[in-house]
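Colleague: Can you keep this structure in mind? I'll have questions shortly.
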Amino acid sequence: MKTLKKRTLSFILLLLAAFSTDLFAQQYAVTNVHIISMESDRVLSDHFIHVKSGKIQGIFPIAKGIPLDEDLKVIDGNGAYVFPGLAEMHSHIPITETDDFSYVQDVMWLYLANGILNVRGMIGHPSHLVLKRKIASGEIKGPRIFAAGPSLNGTSVQSPEKAAQMVKDQKLAGYNHLKLHPGLDLPKFLAISKTAKEVGIMLGGHISLDVGLQNSLNNGYRSVEHMDGYIEAMVADKSRLDPQIAGPFSMLLVGEADKSKIPELVQLTLEKKAWIAPTLTLFERFFGYVPADEFRLAPEMKYMPGLQVQQWVNQKKMLENQGVLSEEKVVPYLEFRKEMLLALHEGGVPLVMSSDSPQVFNVPGFSIHHEIASMHDAGVSPFEILKSGSINVAAYFEKIGEFGSIRKGAAADFVLVNGNPLEDLNALKNLHGIMVRGEWIPREELDTELNRIEEKNRRK
C-alpha cells in the first residue's frame, strides 16, 4: 500500500513538474514592431522580438522569418513602437499591516497601465518586502520593486550608534536602499553613510540642514531627491534657512540664491557620481499656484479613493490659506527648478524618472506623464527622458543588461505604444500592451483593471 502511495505521489509530482516547465517555457514572437532599445536613439524598424522563459531570446528583422514552433504565441504589434518601459523612482508605496494587499495591488495596476515597469519605494515598511516577493513570484502582478527602508531622520535616529545599527538592520532585512529625511545632525549622518558603505547599501533622500548638500555628496549620496539642498547651498546667510522664513524646500529664498554657484555644485554632483530624482510635477501640483479645487477635478483622480483626494485637497489648501502659494511667490521657484535641472543634465549628471506618487495630486502612473511633460518643457530631449526611466534605472542599480534595455538576455520587460515617443511623447499614453517579465498583458486587460478600480472608488 505504501509503495502504491509513493508511486502515485511520484506520478503527481512529475505531472506538476511538467506543467510548471510548460508554463515557464511560454514563448512569444512580438511581431510587426519598431524597436527603441534605449542603448542608442536608433529605431530598428520592422522587427520582431522572441521571448521565452521571461527573457528576450533575440531581436530579428521580420524579413528573417518567425521561427516555427507549436508552443510559440504570436502577438501582432500592428506597427507599434517598443521600448523598455518607464519607471517611478520616487514612490510612496502604500503600506498594509494585514494580509490584505488589495489596495496596494490596485496601485500596482495603475503603474502597469501607464507603462511603469520599475518602481523604487522611498518610504519603507516591512510590507513592501512582502509585496516585492509576491510580485517576483507572480502572486501579484506589478512592476519590479526596489524597496527603501523606513525613514532615517532626526526623530527616528537617536544617536550615531543607533544610526549604524538601523543601517545594518535594514540591509539584513533585505531593503535595497536607505531613505534619509530631514533633521539629521552631522554625526548621525556620518554614522549612516559610513555604515552604508561598509554593508553595501545605497543611500539618498532629502538634505538635512545641519548636514548640507556638499557633505551629503561627499559622503556617498546615491540620489538627491527633489533636487533638495541646492538652493540652501547657494544662500550665504544660513540663518535665513529657517523654514518659517524660507517656506517649504526654501522656495521663498530663490531670490537670495547666488546662481553663480550652480556650475561648481553641478561639478561636485558629477564628480561624486550622484543621481538626480527631480519630481518636478510634485512641486507644480502640491506647491504650485494652481488651486487645489482645480486639481481635484483632474480625470485621473477617479482612480484614487475619495478620502485620499480630500486629504490632498486639505494639505494644499492649508498652504494656500497661509499665502505661501501665491503665483508671484511660486513662479520664480518653479522656474529655478527647471533651470537647475537643465544645468545638472547638461553638466552630465544622470537623471532618474521620478514624480513622487502617490502624493498630493500625483496619481500613481499618471503622474509620470506629467513629469515627462515638465522635463521636456525644461529642455530635456525625448530620448534622454526615456533613458531616465529605463536604462538609467538599470545603471543606477548596477544592473545594466538585466533590464532597462531591449537586448538579448535581458528581462522581457517592455511596452508597446501606438506612435513614436521620440517624435511625440504623448504616444507614451497610448499603450498597445505590455510585457512584464515574459507575461503579455494586452491593452484590454489593463483597461479592465482601470475600470474595476474606478468602479471600486465610485462605490465608496
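Letters for chains follow the order of the C-alpha cells (A, B, ...), residue numbers begin at 1 for each chain, and ligand numbers begin at 1 in the order shown.
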Please provide as an mmCIF file with N, CA, C and O atoms, in the first residue's frame all residues within 8 Å of segment 372-385 of chain A, with the sequence filter that same-chain residues fewer than 5 positions apart are discarded (counting only C-alpha atoms).
Modeller:
data_model
loop_
_atom_site.group_PDB
_atom_site.id
_atom_site.type_symbol
_atom_site.label_atom_id
_atom_site.label_comp_id
_atom_site.auth_asym_id
_atom_site.auth_seq_id
_atom_site.Cartn_x
_atom_site.Cartn_y
_atom_site.Cartn_z
ATOM 1 N N MET A 38 16.975 51.679 -26.391
ATOM 2 C CA MET A 38 17.493 52.601 -25.385
ATOM 3 C C MET A 38 18.997 52.499 -25.212
ATOM 4 O O MET A 38 19.570 53.214 -24.393
ATOM 5 N N ASP A 41 19.651 55.948 -29.856
ATOM 6 C CA ASP A 41 18.379 56.517 -30.292
ATOM 7 C C ASP A 41 17.969 56.009 -31.673
ATOM 8 O O ASP A 41 17.003 56.498 -32.268
ATOM 9 N N LEU A 280 9.608 67.099 -10.559
ATOM 10 C CA LEU A 280 9.118 68.422 -10.945
ATOM 11 C C LEU A 280 7.623 68.559 -10.705
ATOM 12 O O LEU A 280 7.137 69.573 -10.200
ATOM 13 N N THR A 281 6.882 67.519 -11.085
ATOM 14 C CA THR A 281 5.426 67.626 -11.024
ATOM 15 C C THR A 281 4.900 67.711 -9.594
ATOM 16 O O THR A 281 3.851 68.304 -9.352
ATOM 17 N N LYS A 338 13.458 74.203 -12.953
ATOM 18 C CA LYS A 338 13.723 73.777 -14.327
ATOM 19 C C LYS A 338 15.130 74.201 -14.768
ATOM 20 O O LYS A 338 15.825 73.443 -15.455
ATOM 21 N N GLU A 339 15.527 75.399 -14.357
ATOM 22 C CA GLU A 339 16.875 75.868 -14.677
ATOM 23 C C GLU A 339 17.930 74.975 -14.032
ATOM 24 O O GLU A 339 18.934 74.609 -14.661
ATOM 25 N N LEU A 341 17.559 71.834 -13.045
ATOM 26 C CA LEU A 341 17.521 70.507 -13.674
ATOM 27 C C LEU A 341 18.309 70.510 -14.978
ATOM 28 O O LEU A 341 19.120 69.600 -15.227
ATOM 29 N N LEU A 342 18.082 71.514 -15.802
ATOM 30 C CA LEU A 342 18.770 71.546 -17.093
ATOM 31 C C LEU A 342 20.273 71.722 -16.909
ATOM 32 O O LEU A 342 21.068 71.097 -17.634
ATOM 33 N N HIS A 345 21.594 68.327 -15.888
ATOM 34 C CA HIS A 345 21.531 67.400 -17.018
ATOM 35 C C HIS A 345 22.603 67.724 -18.057
ATOM 36 O O HIS A 345 23.341 66.834 -18.508
ATOM 37 N N MET A 353 13.870 58.968 -13.618
ATOM 38 C CA MET A 353 12.492 59.435 -13.718
ATOM 39 C C MET A 353 11.778 59.258 -12.390
ATOM 40 O O MET A 353 11.754 58.164 -11.825
ATOM 41 N N PRO A 421 7.487 57.633 -29.586
ATOM 42 C CA PRO A 421 7.665 58.586 -28.484
ATOM 43 C C PRO A 421 8.856 59.506 -28.659
ATOM 44 O O PRO A 421 8.926 60.550 -28.001
ATOM 45 N N LEU A 422 9.800 59.147 -29.536
ATOM 46 C CA LEU A 422 10.921 60.042 -29.797
ATOM 47 C C LEU A 422 10.480 61.266 -30.593
ATOM 48 O O LEU A 422 11.143 62.300 -30.575
ATOM 49 N N GLU A 423 9.349 61.142 -31.266
ATOM 50 C CA GLU A 423 8.802 62.258 -32.040
ATOM 51 C C GLU A 423 7.652 62.936 -31.313
ATOM 52 O O GLU A 423 7.428 64.134 -31.482
ATOM 53 N N LEU A 425 5.999 62.615 -27.373
ATOM 54 C CA LEU A 425 5.973 61.964 -26.060
ATOM 55 C C LEU A 425 4.568 61.564 -25.628
ATOM 56 O O LEU A 425 4.409 60.688 -24.771
#
Colleague: Write out as an MDAnalysis selection string which residues come within 12 Å of segment 291-305 of chain A when counting only C-alpha atoms, dropping same-chain ones fewer than 2 positions away.
Modeller: chainID A and resid 103:104 106:111 113:114 284:289 307:321 323 325:327 357:367 369:370 449:460
Colleague: A:Leu131, A:Leu180, A:Ala147, A:Val393: which is nearest Glu97 of chain A, counting only C-alpha atoms?
Modeller: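 Comparing A:Leu131, A:Leu180, A:Ala147, A:Val393 against Glu97 of chain A, the winner is A:Leu131.
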Colleague: Out of A:His50, A:Lys171, A:Lys408, A:Lys55, which residue has the shortest atom-to-atom distance to Asp69 of chain A when counting only C-alpha atoms?
Modeller: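 Looking only at the distances to Asp69 of chain A, the closest residue turns out to be A:His50.
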Colleague: From the options A:Pro126, A:Gly348, A:Gly115, A:Pro248, which residue's atoms come nearest to Val330 of chain A, counting only C-alpha atoms?
Modeller: A:Pro248
Colleague: Measure the distance from atom CA of Arg407 of chain A to atom CA of Ser45 of chain A in Å and round it to one decimal.
Modeller: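 Distance between the two atoms: 15.0 Å.
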Colleague: If you count only C-alpha atoms, which residues fall within 6 Å of Leu203 of chain A, apart from same-chain ones fewer than 4 positions away, as a PyMOL selection string?
Modeller: chain A and resi 177-178+221-222
Colleague: Could those residues be written to a file, using N, CA, C and O atoms, as a compact mmCIF listing (two decimals), in the first residue's frame?
Modeller:
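Output below, filename result30.txt:
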# COMPACT_ATOMS: atom_id res chain seq x y z
N HIS A 177 17.72 50.06 -0.34
CA HIS A 177 18.10 51.47 -0.32
C HIS A 177 17.79 52.05 1.06
O HIS A 177 16.90 51.56 1.76
N LEU A 178 18.52 53.07 1.43
CA LEU A 178 18.21 53.84 2.64
C LEU A 178 17.57 55.16 2.21
O LEU A 178 18.01 55.79 1.24
N TYR A 221 26.03 60.04 -1.07
CA TYR A 221 24.64 60.12 -1.54
C TYR A 221 24.55 59.57 -2.96
O TYR A 221 25.19 60.07 -3.88
N ARG A 222 23.70 58.55 -3.13
CA ARG A 222 23.49 57.98 -4.46
C ARG A 222 22.49 58.83 -5.25
O ARG A 222 22.64 59.01 -6.45
Colleague: Find the residues near segment 186-200 of chain A: any atom within 9 Å, counting only C-alpha atoms, skip ones fewer than 3 places away on the same chain, and give them as JSON, numbers by chain.
Modeller: {"A": [152, 154, 157, 158, 159, 160, 161, 162, 163, 164, 165, 166, 167, 168, 171, 178, 180, 203, 208, 210, 211, 212, 215, 216, 219, 220, 221]}
Colleague: Using DSSP secondary structure from the backbone, list all strand (DSSP E) positions within segment 202-262 of chain A, as a VMD selection string.
Modeller: chain A and resid 202 to 205 223 to 225
Colleague: Asp258 of chain A: which residues within 9 Å, counting only C-alpha atoms, same-chain residues fewer than 6 positions away excluded, as an mmCIF file with all heavy atoms, in the first residue's frame?
Modeller:
data_model
loop_
_atom_site.group_PDB
_atom_site.id
_atom_site.type_symbol
_atom_site.label_atom_id
_atom_site.label_comp_id
_atom_site.auth_asym_id
_atom_site.auth_seq_id
_atom_site.Cartn_x
_atom_site.Cartn_y
_atom_site.Cartn_z
ATOM 1 N N ILE A 231 19.256 75.051 -3.436
ATOM 2 C CA ILE A 231 19.011 76.450 -3.069
ATOM 3 C C ILE A 231 19.745 76.788 -1.779
ATOM 4 O O ILE A 231 20.424 77.823 -1.669
ATOM 5 C CB ILE A 231 17.496 76.719 -2.907
ATOM 6 C CG1 ILE A 231 16.829 76.845 -4.269
ATOM 7 C CG2 ILE A 231 17.256 78.006 -2.092
ATOM 8 C CD1 ILE A 231 15.353 77.144 -4.202
ATOM 9 N N ALA A 233 22.381 75.588 -0.556
ATOM 10 C CA ALA A 233 23.831 75.707 -0.761
ATOM 11 C C ALA A 233 24.214 77.027 -1.410
ATOM 12 O O ALA A 233 25.386 77.430 -1.364
ATOM 13 C CB ALA A 233 24.325 74.538 -1.627
ATOM 14 N N MET A 234 23.256 77.722 -1.995
ATOM 15 C CA MET A 234 23.542 78.988 -2.677
ATOM 16 C C MET A 234 23.180 80.213 -1.843
ATOM 17 O O MET A 234 23.428 81.343 -2.273
ATOM 18 C CB MET A 234 22.757 79.054 -4.001
ATOM 19 C CG MET A 234 23.107 77.977 -4.990
ATOM 20 S SD MET A 234 22.123 78.185 -6.506
ATOM 21 C CE MET A 234 21.967 76.486 -7.026
ATOM 22 N N VAL A 235 22.577 80.001 -0.684
ATOM 23 C CA VAL A 235 22.189 81.119 0.183
ATOM 24 C C VAL A 235 23.308 81.383 1.185
ATOM 25 O O VAL A 235 23.678 80.491 1.968
ATOM 26 C CB VAL A 235 20.864 80.810 0.912
ATOM 27 C CG1 VAL A 235 20.552 81.888 1.947
ATOM 28 C CG2 VAL A 235 19.726 80.708 -0.103
ATOM 29 N N ALA A 236 23.851 82.568 1.175
ATOM 30 C CA ALA A 236 25.001 82.892 2.030
ATOM 31 C C ALA A 236 24.618 82.987 3.505
ATOM 32 O O ALA A 236 25.330 82.477 4.371
ATOM 33 C CB ALA A 236 25.636 84.204 1.566
#
Colleague: Pick out each residue of segment 212-279 of chain A that DSSP on the backbone tags as helix (DSSP H, G or I); I need them as a ChimeraX atom specification.
Modeller: /A:212-218,230-234,238-241,243-246,248-256,259-271
Colleague: Which residues are near Tyr333 of chain A? Cut-off 8 Å, only C-alpha atoms, ignore same chain within fewer than 4 positions. Put them as a PyMOL selection string.
Modeller: chain A and resi 251-252+254+329+337
Colleague: Now that the selection is made, can you save its residues with C-alpha atoms as an mmCIF file, in the first residue's frame?
Modeller:
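The file below, again-v7.cif, is the result:
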data_model
loop_
_atom_site.group_PDB
_atom_site.id
_atom_site.type_symbol
_atom_site.label_atom_id
_atom_site.label_comp_id
_atom_site.auth_asym_id
_atom_site.auth_seq_id
_atom_site.Cartn_x
_atom_site.Cartn_y
_atom_site.Cartn_z
ATOM 1 C CA MET A 251 11.144 78.053 -2.033
ATOM 2 C CA LEU A 252 10.763 81.638 -0.804
ATOM 3 C CA VAL A 254 15.058 81.787 -4.651
ATOM 4 C CA LYS A 329 5.962 83.560 -4.896
ATOM 5 C CA ARG A 337 13.819 74.142 -10.559
#
Colleague: Could you pull the residues within 7 Å of Ile95 of chain A, counting only C-alpha atoms, minus those fewer than 2 positions along the same chain, as a JSON list (two decimals) with N, CA and C atoms, in the first residue's frame?
Modeller:
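For reference, around.json as written:
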[["chain", "number", "residue", "atom", "x", "y", "z"],
["A", 93, "ILE", "N", 5.01, 53.80, -1.81],
["A", 93, "ILE", "CA", 4.16, 52.62, -1.94],
["A", 93, "ILE", "C", 3.28, 52.51, -0.70],
["A", 97, "GLU", "N", -0.83, 46.64, 7.11],
["A", 97, "GLU", "CA", -0.48, 45.98, 8.37],
["A", 97, "GLU", "C", -1.11, 44.60, 8.47],
["A", 125, "HIS", "N", 8.56, 50.15, 4.56],
["A", 125, "HIS", "CA", 7.75, 49.43, 5.53],
["A", 125, "HIS", "C", 7.95, 47.94, 5.25],
["A", 127, "SER", "N", 5.95, 45.60, 4.90],
["A", 127, "SER", "CA", 5.01, 45.05, 3.91],
["A", 127, "SER", "C", 5.52, 45.22, 2.48],
["A", 128, "HIS", "N", 6.44, 46.17, 2.27],
["A", 128, "HIS", "CA", 6.99, 46.35, 0.93],
["A", 128, "HIS", "C", 7.90, 45.18, 0.54]]
